[in-house]
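Following: one structure in structure tokens, then a few remarks.
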Amino acid sequence: MQSPLLSFSVCDDTMEQRLRDKIAIVTGAGRGIGKGVALRLAREGAHVVIAEYDPGTAQQTAQEVQALGVSAMPYPVDLSDVSQIPPMVDAVVRAFGRIDILVNNAGRVQTKPMLDLTEEDWDRIVSVNQRGLFFCLQAVARQMIAQIPEEIRNSDRAPHSFGKIVNFSSVAGRSGRPNSTHYAATKAAVISITRSAALALARYNINVNAVCPGIVLTAMWQEIDQANQLMRGLEPGEWIRRSIETVPLKRAAQPEDIAAAVAFLCSPDADYITGQALNVDGGLEMD
Ligand SMILES: NC(=O)c1ccc[n+]([C@@H]2O[C@H](COP(=O)([O-])OP(=O)(O)OC[C@H]3O[C@@H](n4cnc5c(N)ncnc54)[C@H](O)[C@@H]3O)[C@@H](O)[C@H]2O)c1
């Protein structure tokens with residue numbers, strides 16, 4: 001890892017530097033949407049911690065982030081094990097001195113009929129999407145509060161934003177999913193956690209919001225497509241094609257589409273937005 005104390009000139013001068021020298025943790029950033037978010041935050045000038053289960057993909061994303069001229073820190077971690085979260089926060093603070101942004105993106109999906117779900121299925125999905133997400137948020141929020149000068153911390157109202165937290169929900173958290181009941185439940189819980197945390201952290205002026213992606217072409221959707229091939233006897237890609245047909249904008253998202261919304265919520269442009277869940281879904285959900 002390069003020293004966070006060195007100053008870098010960011011190569012991509014075509015993009016506005018809304019996040020210049022901010023310290024961001026992106027969970028699950030080894031691939032998919034999380035990787036897209038890490039690269040987008042880096043292009044906007046943030047130094048990025050890649051908190052990721054898979055050490056190989058964490059390293060790969062870190063290299064691509066560094067190539068953009070900012071610092072990157074790959075941090076292999078299993079967020080379903082809550083005991084690994086405080087040491088991660090400590091390591092980031094040791095390396096960079098502070099944390100300004102948390103993007104709680106890591107998640108798992110499973111496609112299985114509701115009547116067949118086991119306790120093990122339930123716990124596996126909840127442990128990352130809901131429990132891991134909450135305890136990451138809590139540990140980082142404590143750190144963000146500790147960074148606020150004491151006289152402001154003890155006052156009624158902080159005068160400007162002291163941190164941004166973006167949680168990953170889903171359109172599945174907006175409605176029911178008969179073949180992903182546990183997944184949908186965790187994503188609804190993320191919206192609730194976002195609202196409660198936004199209220200709890202408002203006096204510190206820490207913004208907490210959620211994004212609800214629709215269909216994003218990542219390994220997760222390949223997994224959903226494969227499960228539907230088996231369950232419904234479909235050809236490869238058929239479930240994805242049918243699902244995209246239901247999107248008003250008639251296309252799936254790329255990770256960059258979601259990353260753009262996340263970067264906005266992490267930026268000063270979103271200073272007056274908190275407790276919201278933003279659909280980034282081509283019009284699938286409108287509430
Ligand atoms: N792909 C979609 O269409 C879609 C739609 C709505 C919401 N989402 C949400 O967006 C987020 C990212 O989805 P994606 O499509 O990029 O998924 P993905 O499966 O491609 O990537 C998820 C990443 O999270 C990491 N991860 C999983 N469990 C972890 C753990 N315990 N500790 C640390 N890292 C862990 C994985 O290793 C992987 O790198 C998820 O929260 C997902 O629920 C995705």
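How things are named: the first chain in the structure tokens is A, the next is B, and so on; residues count from 1 in each chain; ligands count from 1 in the order shown.
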- Item | Expected answer as a PyMOL selection string: residues within 8 Å of ligand 1, only C-alpha atoms and all ligand atoms | chain A and resi 27-35+51-54+57-58+76-81+104-109+127-129+132+168-172+183+187+212-221+253+255
Return as a Markdown table the residues of region 82-151 of chain A lying at most 12 Å from region 45-48 of chain A, together with the closest atom-to-atom pair for each and the distance in Å to one decimal, counting only C-alpha atoms, with rows in chain order and ascending residue number.
```
| residue | atom | partner | partner_atom | distance |
| --- | --- | --- | --- | --- |
| A:Val92 | CA | A:Val48 | CA | 9.9 |
| A:Ala95 | CA | A:His47 | CA | 11.0 |
| A:Phe96 | CA | A:His47 | CA | 8.8 |
| A:Gly97 | CA | A:His47 | CA | 11.8 |
| A:Arg98 | CA | A:His47 | CA | 11.1 |
| A:Ile99 | CA | A:Val48 | CA | 10.0 |
| A:Asp100 | CA | A:Ala46 | CA | 9.4 |
| A:Ile101 | CA | A:Ala46 | CA | 9.1 |
| A:Leu102 | CA | A:Val48 | CA | 9.8 |
| A:Val103 | CA | A:Val48 | CA | 10.4 |
```
- Backbone DSSP call of strand (DSSP E or B) for region 15-107 of chain A, listed as a list of chain:residue names: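 Filtering region 15-107 of chain A to strand (DSSP E or B) leaves A:Ile23, A:Ala24, A:Ile25, A:Val26, A:Thr27, A:His47, A:Val48, A:Val49, A:Ile50, A:Ala51, A:Glu52, A:Ala72, A:Met73, A:Pro74, A:Tyr75, A:Pro76, A:Ile101, A:Leu102, A:Val103, A:Asn104.
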Go ahead and write the residues just picked, N, CA and C atoms, as a JSON list (two decimals), in the first residue's frame.
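What ended up in out_25.json:
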```
[["chain", "number", "residue", "atom", "x", "y", "z"],
["A", 23, "ILE", "N", -11.40, 9.77, 2.70],
["A", 23, "ILE", "CA", -11.04, 8.37, 2.96],
["A", 23, "ILE", "C", -12.33, 7.55, 2.95],
["A", 24, "ALA", "N", -12.40, 6.61, 2.02],
["A", 24, "ALA", "CA", -13.63, 5.84, 1.83],
["A", 24, "ALA", "C", -13.39, 4.35, 2.03],
["A", 25, "ILE", "N", -14.30, 3.69, 2.74],
["A", 25, "ILE", "CA", -14.31, 2.22, 2.78],
["A", 25, "ILE", "C", -15.45, 1.76, 1.89],
["A", 26, "VAL", "N", -15.15, 0.85, 0.96],
["A", 26, "VAL", "CA", -16.21, 0.23, 0.15],
["A", 26, "VAL", "C", -16.17, -1.27, 0.43],
["A", 27, "THR", "N", -17.26, -1.81, 0.97],
["A", 27, "THR", "CA", -17.27, -3.25, 1.27],
["A", 27, "THR", "C", -17.68, -4.02, 0.01],
["A", 47, "HIS", "N", -9.42, 8.29, -1.56],
["A", 47, "HIS", "CA", -8.54, 7.15, -1.30],
["A", 47, "HIS", "C", -9.46, 6.02, -0.79],
["A", 48, "VAL", "N", -9.25, 4.80, -1.30],
["A", 48, "VAL", "CA", -10.28, 3.78, -1.11],
["A", 48, "VAL", "C", -9.73, 2.53, -0.42],
["A", 49, "VAL", "N", -10.46, 2.08, 0.61],
["A", 49, "VAL", "CA", -10.20, 0.81, 1.27],
["A", 49, "VAL", "C", -11.15, -0.22, 0.66],
["A", 50, "ILE", "N", -10.59, -1.31, 0.17],
["A", 50, "ILE", "CA", -11.40, -2.36, -0.47],
["A", 50, "ILE", "C", -11.57, -3.46, 0.56],
["A", 51, "ALA", "N", -12.71, -3.44, 1.27],
["A", 51, "ALA", "CA", -13.00, -4.41, 2.33],
["A", 51, "ALA", "C", -13.74, -5.57, 1.68],
["A", 52, "GLU", "N", -13.05, -6.67, 1.49],
["A", 52, "GLU", "CA", -13.56, -7.70, 0.58],
["A", 52, "GLU", "C", -13.19, -9.10, 1.09],
["A", 72, "ALA", "N", -4.86, 3.13, -2.34],
["A", 72, "ALA", "CA", -5.81, 2.03, -2.19],
["A", 72, "ALA", "C", -5.29, 1.08, -1.13],
["A", 73, "MET", "N", -6.20, 0.52, -0.35],
["A", 73, "MET", "CA", -5.80, -0.43, 0.68],
["A", 73, "MET", "C", -6.72, -1.65, 0.57],
["A", 74, "PRO", "N", -6.19, -2.77, 0.06],
["A", 74, "PRO", "CA", -7.01, -3.98, 0.06],
["A", 74, "PRO", "C", -7.10, -4.52, 1.48],
["A", 75, "TYR", "N", -8.30, -4.85, 1.95],
["A", 75, "TYR", "CA", -8.43, -5.37, 3.32],
["A", 75, "TYR", "C", -9.33, -6.61, 3.27],
["A", 76, "PRO", "N", -8.72, -7.80, 3.24],
["A", 76, "PRO", "CA", -9.52, -9.03, 3.23],
["A", 76, "PRO", "C", -10.28, -9.18, 4.55],
["A", 101, "ILE", "N", -16.10, 8.25, 4.50],
["A", 101, "ILE", "CA", -17.18, 7.65, 3.70],
["A", 101, "ILE", "C", -17.20, 6.15, 3.96],
["A", 102, "LEU", "N", -18.41, 5.60, 4.15],
["A", 102, "LEU", "CA", -18.58, 4.14, 4.17],
["A", 102, "LEU", "C", -19.63, 3.78, 3.13],
["A", 103, "VAL", "N", -19.27, 2.88, 2.23],
["A", 103, "VAL", "CA", -20.26, 2.33, 1.30],
["A", 103, "VAL", "C", -20.43, 0.86, 1.65],
["A", 104, "ASN", "N", -21.58, 0.54, 2.21],
["A", 104, "ASN", "CA", -21.91, -0.79, 2.71],
["A", 104, "ASN", "C", -22.53, -1.58, 1.56]]
```
- Message: I want to know what sits within 12 Å of Arg153 (chain A), based on only C-alpha atoms, with residues of the same chain fewer than 6 positions away left out; could you give that as a PyMOL selection string?
- Response: chain A and resi 142+144-147+159-160+162+201-206
- Message: Let me make sure I understand: among A:Ile240, A:Ala263, A:Ile273, A:Ala184, which one has the smallest atom-to-atom distance to Leu199 (chain A) if we use only C-alpha atoms?
- Response: A:Ile273
- Query: Smallest atom-to-atom distance to Asp287 (chain A): which of A:Pro87, A:Gly173, A:Gly36, A:Gly233, using only C-alpha atoms?
  - Reply: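 Looking at the shortest contact to Asp287 (chain A), the residue is A:Gly173.
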- Item | Option closest in space to Lys164 (chain A), from A:Val247, A:Val65, A:Val82, A:Leu137 [counting only C-alpha atoms] |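 Nearest to Lys164 (chain A): A:Leu137.
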- Item | Atomic distance CA of Pro268 (chain A) - CA of Arg18 (chain A), expressed in Å with one decimal |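 Between CA of Pro268 (chain A) and CA of Arg18 (chain A) the gap works out to 7.1 Å.
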- Item | Interatomic distance (Å, one decimal) between CA of Ser180 (chain A) and CA of Gly283 (chain A) | 21.1 Å
- Taking the backbone alone, and naming residues the way the document does, which bits of region 82-208 of chain A are helix (DSSP H, G or I) by DSSP, as an NGL selection string? :A and (82-96 or 114-116 or 119-146 or 150-153 or 171-173 or 181-204)
- Query: In terms of the shortest atom-to-atom distance over only C-alpha atoms, which of A:Asp281, A:Glu64, A:Asp257, A:Asp90 is closest to Ala42 (chain A)?
  - Reply: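 That would be A:Glu64, the residue with the smallest distance to Ala42 (chain A).
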Neighbour list for Ala185 (chain A) as a short mmCIF file (atom, residue, chain, number, x, y, z; two decimals) with C-alpha atoms, in the first residue's frame, cut-off 10 Å, only C-alpha atoms, skip fewer than 6 positions in-chain:
```cif
data_model
loop_
_atom_site.label_atom_id
_atom_site.label_comp_id
_atom_site.auth_asym_id
_atom_site.auth_seq_id
_atom_site.Cartn_x
_atom_site.Cartn_y
_atom_site.Cartn_z
CA TRP A 122 -31.71 -17.53 6.45
CA ILE A 125 -27.99 -14.16 3.95
CA VAL A 126 -28.82 -12.13 7.07
CA ASN A 129 -26.68 -8.24 4.15
CA GLN A 130 -28.16 -7.13 7.46
CA ALA A 172 -36.25 -6.46 -3.65
CA GLY A 173 -36.51 -4.50 -0.41
CA ARG A 174 -39.44 -2.54 -1.85
CA SER A 175 -41.71 -5.51 -2.59
CA GLY A 176 -41.98 -9.30 -2.14
CA ARG A 177 -39.77 -12.02 -3.66
#
```
- Task: Can you work out the spacing between CA of Trp239 (chain A) and CA of Ala252 (chain A) in Å, to one decimal?
- Result: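 CA of Trp239 (chain A) sits 12.4 Å away from CA of Ala252 (chain A).
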- Item | For Thr111 (chain A): contacts at 8 Å, only C-alpha atoms, fewer than 5 positions along chain excluded, given as a ChimeraX atom specification | /A:179-180,224,227-228
Using the selection just defined, write its residues with C-alpha atoms as a PDB file, in the first residue's frame.
```
ATOM      1  CA  ASN A 179     -38.008 -17.166  -4.357  1.00  0.00           C
ATOM      2  CA  SER A 180     -35.753 -14.868  -2.318  1.00  0.00           C
ATOM      3  CA  ILE A 224     -29.929 -15.697 -10.157  1.00  0.00           C
ATOM      4  CA  ALA A 227     -30.984 -20.790 -10.329  1.00  0.00           C
ATOM      5  CA  ASN A 228     -33.944 -19.879 -12.535  1.00  0.00           C
TER       6      ASN A 228
END
```
- Task: Write out as a PyMOL selection string which residues come within 9 Å of Ala261 (chain A) when counting only C-alpha atoms, dropping same-chain ones fewer than 3 positions away.
- Result: chain A and resi 211+256-258+264-266+278+280
